[in-house]
Amino acid sequence: MVKHLQDTITLHNGVKMPWFGMGVFKVEEGSEIVSTVKTGIKHGYRSVDTASIYENEEGVGKGIKEGLAEAGISREALFVTSKVWNADLGYESTIAAYETSLKKLDLEYLDLYLIHWPVERKYKDAWRALEKLYQDGRVKAIGVSNFQIHHLEHLMKDAEIKPMVNQVEYHPRLTQKELQAYCQAKGIQLEAWSPLMQGQLLDNEILQEIANKHNKTVAQIILRWDLQNEVVTIPKSTKEHRIIENASVFDFELTKEEIEQIDGLNRNHRVGPDPDHFDF
C-alpha cells in the first residue's frame, strides 16, 4: 500500500515512478508555472507531468531548477514526464520533438516520454522513435497516453518494447475497468489524468458522505481511491494550500465498501475527447 508522497511503483523495465505527481495542464507559461512546480517540489512532490502542447515546458524547467535548489535535492530525485504532440508524430519528427522538449525543459534526459494521442497511421512510427530514444539511453521509460485496448494491441504487434505506462482520463465517472485489467495483465502501469474530473465531482453526495466520515475533502477521497486502485495520479493545482492538501492522502484508508461505492459512480463519462473519435 502507498504510504508516502514519495513512494514509487517499479515499472516493467525496473524504473521507479512516483505514485503521486503534479499535473500542469492549462497552467500558464511564466511566473505561474515556475511557482507551481517549485512549490510542489518544496512540499515533497517528486513527479512533474507536462507536454509539448501545454506550451509551458520552459517554465516547468525553470521551476524544476529552482525547486531542486530550494529542496537541496538532485535532478535524479525527480521524475519528469513530457509528451509528443499529434502534429509531430512520425519517426524523425518525434525524435526532433523530443530534442525540442529537452531543450525547453533545460534537461539532459526525461524519465518518461509518452505519445499523447493514438493518431491513426502515425503512432507506430512515433513508437519506433521512442524505442530508439530508449535504446540509446536518452529516456528512462516510454509509454502512451489515451490508448484504448485495440490501440495497444495494434501497437504491440510490431513493437520491440512494450509501453511502460498508459496515461488516460480516469476518475469515478470513467473507471475504465476493462482497460485497467488489460494493462495490469500486460504489465503496463495505468496513470490518471484529470483525476478530479476538472472539479465536476466535488459536490457529489456519495463522495461528500465518504469524505465526512474520514474528515477529508472530496478531492482527497478521489485521489486516495486512485492509489488504492493502483493507479498513478497527477492532480493539478496552482494554489499552494491545495498542492499541500492534494498530497495529504497517506494518513487514512478507504474501506472495501467505500471503494465499491466510488466504483459504482461510473457512467463512462468523459470530460476530454474520446480517443476513438478525436480529430486534432
# chains A, B, ... in the order shown; residues from 1 in each chain; ligands from 1
>>> select_by_dssp(residues="stretch 29-133 of chain A", states="alpha helix (DSSP H)", output="PyMOL selection string")
chain A and resi 31-42+57-71+91-105+123-133
>>> write_last_selection(atoms="C-alpha atoms", output="mmCIF file, in the first residue's frame")
data_model
loop_
_atom_site.group_PDB
_atom_site.id
_atom_site.type_symbol
_atom_site.label_atom_id
_atom_site.label_comp_id
_atom_site.auth_asym_id
_atom_site.auth_seq_id
_atom_site.Cartn_x
_atom_site.Cartn_y
_atom_site.Cartn_z
ATOM 1 C CA SER A 31 5.724 33.029 -13.278
ATOM 2 C CA GLU A 32 2.626 30.901 -12.516
ATOM 3 C CA ILE A 33 4.080 27.641 -13.791
ATOM 4 C CA VAL A 34 7.533 28.339 -12.293
ATOM 5 C CA SER A 35 5.991 28.992 -8.884
ATOM 6 C CA THR A 36 3.639 25.960 -9.119
ATOM 7 C CA VAL A 37 6.416 23.477 -9.907
ATOM 8 C CA LYS A 38 8.804 24.960 -7.341
ATOM 9 C CA THR A 39 6.068 24.851 -4.673
ATOM 10 C CA GLY A 40 5.301 21.212 -5.453
ATOM 11 C CA ILE A 41 8.941 20.163 -5.146
ATOM 12 C CA LYS A 42 9.312 22.167 -1.931
ATOM 13 C CA GLU A 57 7.849 23.348 -20.738
ATOM 14 C CA GLU A 58 10.266 26.276 -20.337
ATOM 15 C CA GLY A 59 8.539 27.378 -17.130
ATOM 16 C CA VAL A 60 8.416 23.787 -15.882
ATOM 17 C CA GLY A 61 12.172 23.529 -16.456
ATOM 18 C CA LYS A 62 12.800 26.771 -14.581
ATOM 19 C CA GLY A 63 10.511 25.641 -11.724
ATOM 20 C CA ILE A 64 12.404 22.340 -11.556
ATOM 21 C CA LYS A 65 15.784 24.105 -11.318
ATOM 22 C CA GLU A 66 14.579 26.484 -8.604
ATOM 23 C CA GLY A 67 12.692 23.721 -6.763
ATOM 24 C CA LEU A 68 15.678 21.346 -6.744
ATOM 25 C CA ALA A 69 17.948 24.093 -5.430
ATOM 26 C CA GLU A 70 15.483 25.076 -2.709
ATOM 27 C CA ALA A 71 14.836 21.463 -1.640
ATOM 28 C CA TYR A 91 9.845 8.773 -36.794
ATOM 29 C CA GLU A 92 12.158 11.742 -37.455
ATOM 30 C CA SER A 93 9.617 14.312 -36.272
ATOM 31 C CA THR A 94 9.127 12.545 -32.918
ATOM 32 C CA ILE A 95 12.887 12.463 -32.289
ATOM 33 C CA ALA A 96 13.046 16.174 -33.185
ATOM 34 C CA ALA A 97 10.104 16.886 -30.843
ATOM 35 C CA TYR A 98 11.925 15.093 -28.017
ATOM 36 C CA GLU A 99 15.013 17.265 -28.569
ATOM 37 C CA THR A 100 12.830 20.389 -28.537
ATOM 38 C CA SER A 101 11.149 19.369 -25.279
ATOM 39 C CA LEU A 102 14.522 18.621 -23.640
ATOM 40 C CA LYS A 103 15.868 21.987 -24.746
ATOM 41 C CA LYS A 104 12.823 23.859 -23.432
ATOM 42 C CA LEU A 105 12.914 21.979 -20.140
ATOM 43 C CA TYR A 123 1.625 6.304 -33.771
ATOM 44 C CA LYS A 124 3.583 3.230 -34.877
ATOM 45 C CA ASP A 125 6.333 5.347 -36.465
ATOM 46 C CA ALA A 126 6.346 7.542 -33.372
ATOM 47 C CA TRP A 127 6.698 4.446 -31.203
ATOM 48 C CA ARG A 128 9.749 3.309 -33.203
ATOM 49 C CA ALA A 129 11.266 6.711 -32.420
ATOM 50 C CA LEU A 130 10.521 6.300 -28.710
ATOM 51 C CA GLU A 131 12.097 2.835 -28.786
ATOM 52 C CA LYS A 132 15.228 4.336 -30.387
ATOM 53 C CA LEU A 133 15.413 7.109 -27.755
#
>>> residues_around(residues="A:Gly14", least_positions_apart="5", cutoff="12 Å", atoms="only C-alpha atoms", output="MDAnalysis selection string")
chainID A and resid 8:9 140:141 164 187
>>> write_last_selection(atoms="N, CA, C and O atoms", output="short mmCIF file (atom, residue, chain, number, x, y, z; two decimals), in the first residue's frame")
data_model
loop_
_atom_site.label_atom_id
_atom_site.label_comp_id
_atom_site.auth_asym_id
_atom_site.auth_seq_id
_atom_site.Cartn_x
_atom_site.Cartn_y
_atom_site.Cartn_z
N THR A 8 7.06 4.80 -4.64
CA THR A 8 7.13 4.56 -6.08
C THR A 8 6.58 3.19 -6.46
O THR A 8 6.53 2.28 -5.64
N ILE A 9 6.21 3.09 -7.74
CA ILE A 9 5.87 1.80 -8.36
C ILE A 9 7.04 1.47 -9.29
O ILE A 9 7.57 2.36 -9.96
N LYS A 140 14.40 7.38 -19.73
CA LYS A 140 14.40 6.23 -18.80
C LYS A 140 13.25 5.26 -19.05
O LYS A 140 13.36 4.06 -18.77
N ALA A 141 12.11 5.79 -19.51
CA ALA A 141 10.93 4.93 -19.75
C ALA A 141 10.09 5.56 -20.85
O ALA A 141 10.11 6.79 -21.04
N MET A 164 5.55 1.18 -21.04
CA MET A 164 5.67 1.02 -19.59
C MET A 164 4.48 1.67 -18.86
O MET A 164 4.12 1.25 -17.77
N GLY A 187 1.38 -5.77 -17.76
CA GLY A 187 2.47 -5.11 -17.04
C GLY A 187 2.65 -3.65 -17.43
O GLY A 187 3.74 -3.09 -17.31
#
>>> residues_around(residues="A:Glu120", least_positions_apart="2", cutoff="12 Å", atoms="only C-alpha atoms", output="list in words")
Asn86, Leu89, Gly90, Trp117, Pro118, Lys122, Tyr123, Lys124, Asp125, Ala126, Phe147, His150, His151, His154, Leu155, Pro275, Asp276, His277, Phe278, Asp279 and Phe280 of chain A
>>> write_last_selection(atoms="N, CA, C and O atoms", output="PDB file, in the first residue's frame")
ATOM      1  N   ASN A  86       0.426  15.406 -31.468  1.00  0.00           N
ATOM      2  CA  ASN A  86      -0.074  14.743 -32.680  1.00  0.00           C
ATOM      3  C   ASN A  86       0.609  15.228 -33.966  1.00  0.00           C
ATOM      4  O   ASN A  86       0.928  14.441 -34.850  1.00  0.00           O
ATOM      5  N   LEU A  89       3.935  13.484 -34.667  1.00  0.00           N
ATOM      6  CA  LEU A  89       4.046  12.027 -34.726  1.00  0.00           C
ATOM      7  C   LEU A  89       4.655  11.592 -36.055  1.00  0.00           C
ATOM      8  O   LEU A  89       4.275  12.084 -37.113  1.00  0.00           O
ATOM      9  N   GLY A  90       5.564  10.648 -35.989  1.00  0.00           N
ATOM     10  CA  GLY A  90       6.336  10.211 -37.145  1.00  0.00           C
ATOM     11  C   GLY A  90       7.713   9.877 -36.606  1.00  0.00           C
ATOM     12  O   GLY A  90       8.022  10.241 -35.465  1.00  0.00           O
ATOM     13  N   TRP A 117      -1.569  11.100 -28.106  1.00  0.00           N
ATOM     14  CA  TRP A 117      -2.850  10.531 -28.582  1.00  0.00           C
ATOM     15  C   TRP A 117      -2.577   9.495 -29.672  1.00  0.00           C
ATOM     16  O   TRP A 117      -1.623   9.639 -30.438  1.00  0.00           O
ATOM     17  N   PRO A 118      -3.445   8.482 -29.761  1.00  0.00           N
ATOM     18  CA  PRO A 118      -3.238   7.418 -30.764  1.00  0.00           C
ATOM     19  C   PRO A 118      -3.737   7.823 -32.158  1.00  0.00           C
ATOM     20  O   PRO A 118      -4.762   7.335 -32.644  1.00  0.00           O
ATOM     21  N   LYS A 122      -0.091   6.974 -37.574  1.00  0.00           N
ATOM     22  CA  LYS A 122       1.080   7.781 -37.206  1.00  0.00           C
ATOM     23  C   LYS A 122       1.781   7.277 -35.946  1.00  0.00           C
ATOM     24  O   LYS A 122       2.973   7.487 -35.771  1.00  0.00           O
ATOM     25  N   TYR A 123       1.017   6.611 -35.072  1.00  0.00           N
ATOM     26  CA  TYR A 123       1.625   6.304 -33.771  1.00  0.00           C
ATOM     27  C   TYR A 123       2.652   5.180 -33.808  1.00  0.00           C
ATOM     28  O   TYR A 123       3.521   5.111 -32.938  1.00  0.00           O
ATOM     29  N   LYS A 124       2.577   4.309 -34.821  1.00  0.00           N
ATOM     30  CA  LYS A 124       3.583   3.230 -34.877  1.00  0.00           C
ATOM     31  C   LYS A 124       4.974   3.775 -35.207  1.00  0.00           C
ATOM     32  O   LYS A 124       5.966   3.338 -34.630  1.00  0.00           O
ATOM     33  N   ASP A 125       5.042   4.725 -36.142  1.00  0.00           N
ATOM     34  CA  ASP A 125       6.333   5.347 -36.465  1.00  0.00           C
ATOM     35  C   ASP A 125       6.864   6.122 -35.263  1.00  0.00           C
ATOM     36  O   ASP A 125       8.063   6.110 -34.980  1.00  0.00           O
ATOM     37  N   ALA A 126       5.947   6.792 -34.569  1.00  0.00           N
ATOM     38  CA  ALA A 126       6.346   7.542 -33.372  1.00  0.00           C
ATOM     39  C   ALA A 126       6.881   6.578 -32.312  1.00  0.00           C
ATOM     40  O   ALA A 126       7.864   6.878 -31.623  1.00  0.00           O
ATOM     41  N   PHE A 147      -4.510   5.630 -24.938  1.00  0.00           N
ATOM     42  CA  PHE A 147      -4.627   4.425 -25.772  1.00  0.00           C
ATOM     43  C   PHE A 147      -5.675   3.489 -25.171  1.00  0.00           C
ATOM     44  O   PHE A 147      -5.659   3.210 -23.979  1.00  0.00           O
ATOM     45  N   HIS A 150      -7.570  -1.708 -28.121  1.00  0.00           N
ATOM     46  CA  HIS A 150      -7.263  -2.049 -29.524  1.00  0.00           C
ATOM     47  C   HIS A 150      -6.040  -1.277 -30.032  1.00  0.00           C
ATOM     48  O   HIS A 150      -5.269  -1.789 -30.847  1.00  0.00           O
ATOM     49  N   HIS A 151      -5.830  -0.052 -29.524  1.00  0.00           N
ATOM     50  CA  HIS A 151      -4.626   0.696 -29.912  1.00  0.00           C
ATOM     51  C   HIS A 151      -3.376  -0.014 -29.377  1.00  0.00           C
ATOM     52  O   HIS A 151      -2.371  -0.137 -30.079  1.00  0.00           O
ATOM     53  N   HIS A 154      -2.657  -3.195 -31.345  1.00  0.00           N
ATOM     54  CA  HIS A 154      -2.130  -2.846 -32.665  1.00  0.00           C
ATOM     55  C   HIS A 154      -0.666  -2.412 -32.550  1.00  0.00           C
ATOM     56  O   HIS A 154       0.185  -2.826 -33.345  1.00  0.00           O
ATOM     57  N   LEU A 155      -0.373  -1.603 -31.551  1.00  0.00           N
ATOM     58  CA  LEU A 155       0.989  -1.111 -31.345  1.00  0.00           C
ATOM     59  C   LEU A 155       1.943  -2.262 -31.037  1.00  0.00           C
ATOM     60  O   LEU A 155       3.045  -2.340 -31.589  1.00  0.00           O
ATOM     61  N   PRO A 275     -10.769   8.907 -27.393  1.00  0.00           N
ATOM     62  CA  PRO A 275      -9.592   8.532 -28.197  1.00  0.00           C
ATOM     63  C   PRO A 275      -9.948   7.929 -29.554  1.00  0.00           C
ATOM     64  O   PRO A 275      -9.122   7.935 -30.473  1.00  0.00           O
ATOM     65  N   ASP A 276     -11.148   7.391 -29.690  1.00  0.00           N
ATOM     66  CA  ASP A 276     -11.549   6.802 -30.973  1.00  0.00           C
ATOM     67  C   ASP A 276     -12.191   7.808 -31.925  1.00  0.00           C
ATOM     68  O   ASP A 276     -12.389   7.511 -33.084  1.00  0.00           O
ATOM     69  N   HIS A 277     -12.563   8.970 -31.418  1.00  0.00           N
ATOM     70  CA  HIS A 277     -13.313   9.922 -32.257  1.00  0.00           C
ATOM     71  C   HIS A 277     -12.792  11.352 -32.148  1.00  0.00           C
ATOM     72  O   HIS A 277     -13.546  12.286 -32.287  1.00  0.00           O
ATOM     73  N   PHE A 278     -11.510  11.512 -31.884  1.00  0.00           N
ATOM     74  CA  PHE A 278     -10.992  12.881 -31.833  1.00  0.00           C
ATOM     75  C   PHE A 278     -10.452  13.257 -33.204  1.00  0.00           C
ATOM     76  O   PHE A 278     -10.121  12.404 -34.007  1.00  0.00           O
ATOM     77  N   ASP A 279     -10.373  14.539 -33.481  1.00  0.00           N
ATOM     78  CA  ASP A 279      -9.971  14.958 -34.833  1.00  0.00           C
ATOM     79  C   ASP A 279      -8.971  16.122 -34.775  1.00  0.00           C
ATOM     80  O   ASP A 279      -9.161  17.147 -35.426  1.00  0.00           O
ATOM     81  N   PHE A 280      -7.951  15.963 -33.976  1.00  0.00           N
ATOM     82  CA  PHE A 280      -6.966  17.054 -33.909  1.00  0.00           C
ATOM     83  C   PHE A 280      -5.555  16.481 -34.003  1.00  0.00           C
ATOM     84  O   PHE A 280      -5.369  15.297 -33.832  1.00  0.00           O
TER      85      PHE A 280
END
>>> closest_residue(among="A:Arg224, A:Lys16, A:Lys236, A:Arg267", to="A:Gln176", atoms="only C-alpha atoms")
A:Arg267
>>> select_by_dssp(residues="stretch 19-252 of chain A", states="strand (DSSP E)", output="PyMOL selection string")
chain A and resi 22-23+47-49+79-84+110-115+139-145+165-169+189-193+232-233
>>> atom_distance(atom1="atom CA of A:Leu5", atom2="atom CA of A:Arg270")
27.5 Å
>>> residues_around(residues="stretch 215-217 of chain A", least_positions_apart="2", cutoff="9 Å", atoms="only C-alpha atoms", output="PyMOL selection string")
chain A and resi 202+207-208+210-213+219-222+245-246+248-249
>>> write_last_selection(atoms="C-alpha atoms", output="PDB file, in the first residue's frame")
ATOM      1  CA  LEU A 202     -16.555  17.932  -5.834  1.00  0.00           C
ATOM      2  CA  LEU A 207     -18.218  11.281  -2.218  1.00  0.00           C
ATOM      3  CA  GLN A 208     -19.103  14.023   0.265  1.00  0.00           C
ATOM      4  CA  ILE A 210     -17.331   9.346   2.480  1.00  0.00           C
ATOM      5  CA  ALA A 211     -15.220  12.498   2.881  1.00  0.00           C
ATOM      6  CA  ASN A 212     -17.118  13.494   6.029  1.00  0.00           C
ATOM      7  CA  LYS A 213     -16.502  10.047   7.560  1.00  0.00           C
ATOM      8  CA  ALA A 219     -10.636  15.629  -3.770  1.00  0.00           C
ATOM      9  CA  GLN A 220      -8.593  13.721  -1.187  1.00  0.00           C
ATOM     10  CA  ILE A 221     -11.091  10.828  -1.269  1.00  0.00           C
ATOM     11  CA  ILE A 222     -10.838  10.567  -5.073  1.00  0.00           C
ATOM     12  CA  GLU A 245      -3.936  19.361   0.588  1.00  0.00           C
ATOM     13  CA  ASN A 246      -3.985  17.147  -2.535  1.00  0.00           C
ATOM     14  CA  SER A 248      -2.460  14.732   2.286  1.00  0.00           C
ATOM     15  CA  VAL A 249      -3.891  11.333   1.400  1.00  0.00           C
TER      16      VAL A 249
END
>>> residues_around(residues="stretch 50-56 of chain A", least_positions_apart="4", cutoff="7 Å", atoms="only C-alpha atoms", output="ChimeraX atom specification")
/A:23-26,28-29,60,81-85,101
>>> residues_around(residues="A:Glu257", least_positions_apart="5", cutoff="12 Å", atoms="only C-alpha atoms", output="list in words")
Ile210, Trp225, Ile262, Asp263 and Gly264 of chain A
>>> residues_around(residues="A:Val232", least_positions_apart="3", cutoff="8 Å", atoms="only C-alpha atoms", output="ChimeraX atom specification")
/A:18-21,189-192,226-227
>>> closest_residue(among="A:Ser194, A:Thr175, A:Asn13, A:Asn266", to="A:Thr233", atoms="only C-alpha atoms")
A:Ser194
>>> decode(residues="stretch 36-52 of chain A", atoms="N, CA, C and O atoms", output="compact mmCIF listing (two decimals), in the first residue's frame")
# COMPACT_ATOMS: atom_id res chain seq x y z
N THR A 36 4.39 27.19 -9.38
CA THR A 36 3.64 25.96 -9.12
C THR A 36 4.58 24.77 -8.97
O THR A 36 4.49 23.99 -8.01
N VAL A 37 5.49 24.62 -9.92
CA VAL A 37 6.42 23.48 -9.91
C VAL A 37 7.36 23.57 -8.70
O VAL A 37 7.58 22.59 -7.99
N LYS A 38 7.89 24.76 -8.48
CA LYS A 38 8.80 24.96 -7.34
C LYS A 38 8.10 24.64 -6.02
O LYS A 38 8.65 23.97 -5.15
N THR A 39 6.85 25.11 -5.89
CA THR A 39 6.07 24.85 -4.67
C THR A 39 5.85 23.36 -4.47
O THR A 39 5.99 22.84 -3.34
N GLY A 40 5.51 22.66 -5.55
CA GLY A 40 5.30 21.21 -5.45
C GLY A 40 6.54 20.49 -4.96
O GLY A 40 6.47 19.66 -4.04
N ILE A 41 7.69 20.82 -5.54
CA ILE A 41 8.94 20.16 -5.15
C ILE A 41 9.26 20.48 -3.68
O ILE A 41 9.65 19.60 -2.91
N LYS A 42 9.05 21.75 -3.32
CA LYS A 42 9.31 22.17 -1.93
C LYS A 42 8.48 21.36 -0.93
O LYS A 42 8.93 21.02 0.15
N HIS A 43 7.25 21.01 -1.35
CA HIS A 43 6.36 20.27 -0.44
C HIS A 43 6.42 18.75 -0.64
O HIS A 43 5.52 18.03 -0.21
N GLY A 44 7.47 18.29 -1.31
CA GLY A 44 7.71 16.85 -1.35
C GLY A 44 7.31 16.11 -2.61
O GLY A 44 7.54 14.92 -2.73
N TYR A 45 6.69 16.81 -3.58
CA TYR A 45 6.36 16.14 -4.85
C TYR A 45 7.66 15.79 -5.57
O TYR A 45 8.59 16.60 -5.60
N ARG A 46 7.70 14.61 -6.17
CA ARG A 46 8.90 14.19 -6.89
C ARG A 46 8.57 13.76 -8.32
O ARG A 46 9.36 13.09 -8.97
N SER A 47 7.39 14.16 -8.81
CA SER A 47 6.98 13.82 -10.17
C SER A 47 6.24 15.01 -10.78
O SER A 47 5.34 15.56 -10.15
N VAL A 48 6.66 15.41 -11.99
CA VAL A 48 6.02 16.52 -12.70
C VAL A 48 5.67 16.04 -14.11
O VAL A 48 6.52 15.47 -14.81
N ASP A 49 4.42 16.27 -14.52
CA ASP A 49 3.95 15.81 -15.83
C ASP A 49 3.55 17.00 -16.68
O ASP A 49 2.65 17.76 -16.34
N THR A 50 4.23 17.16 -17.83
CA THR A 50 3.87 18.21 -18.78
C THR A 50 3.74 17.60 -20.18
O THR A 50 3.71 16.37 -20.33
N ALA A 51 3.64 18.46 -21.20
CA ALA A 51 3.52 18.01 -22.59
C ALA A 51 3.86 19.19 -23.49
O ALA A 51 3.66 20.35 -23.11
N SER A 52 4.34 18.90 -24.69
CA SER A 52 4.70 19.99 -25.59
C SER A 52 3.49 20.89 -25.89
O SER A 52 3.62 22.12 -25.95
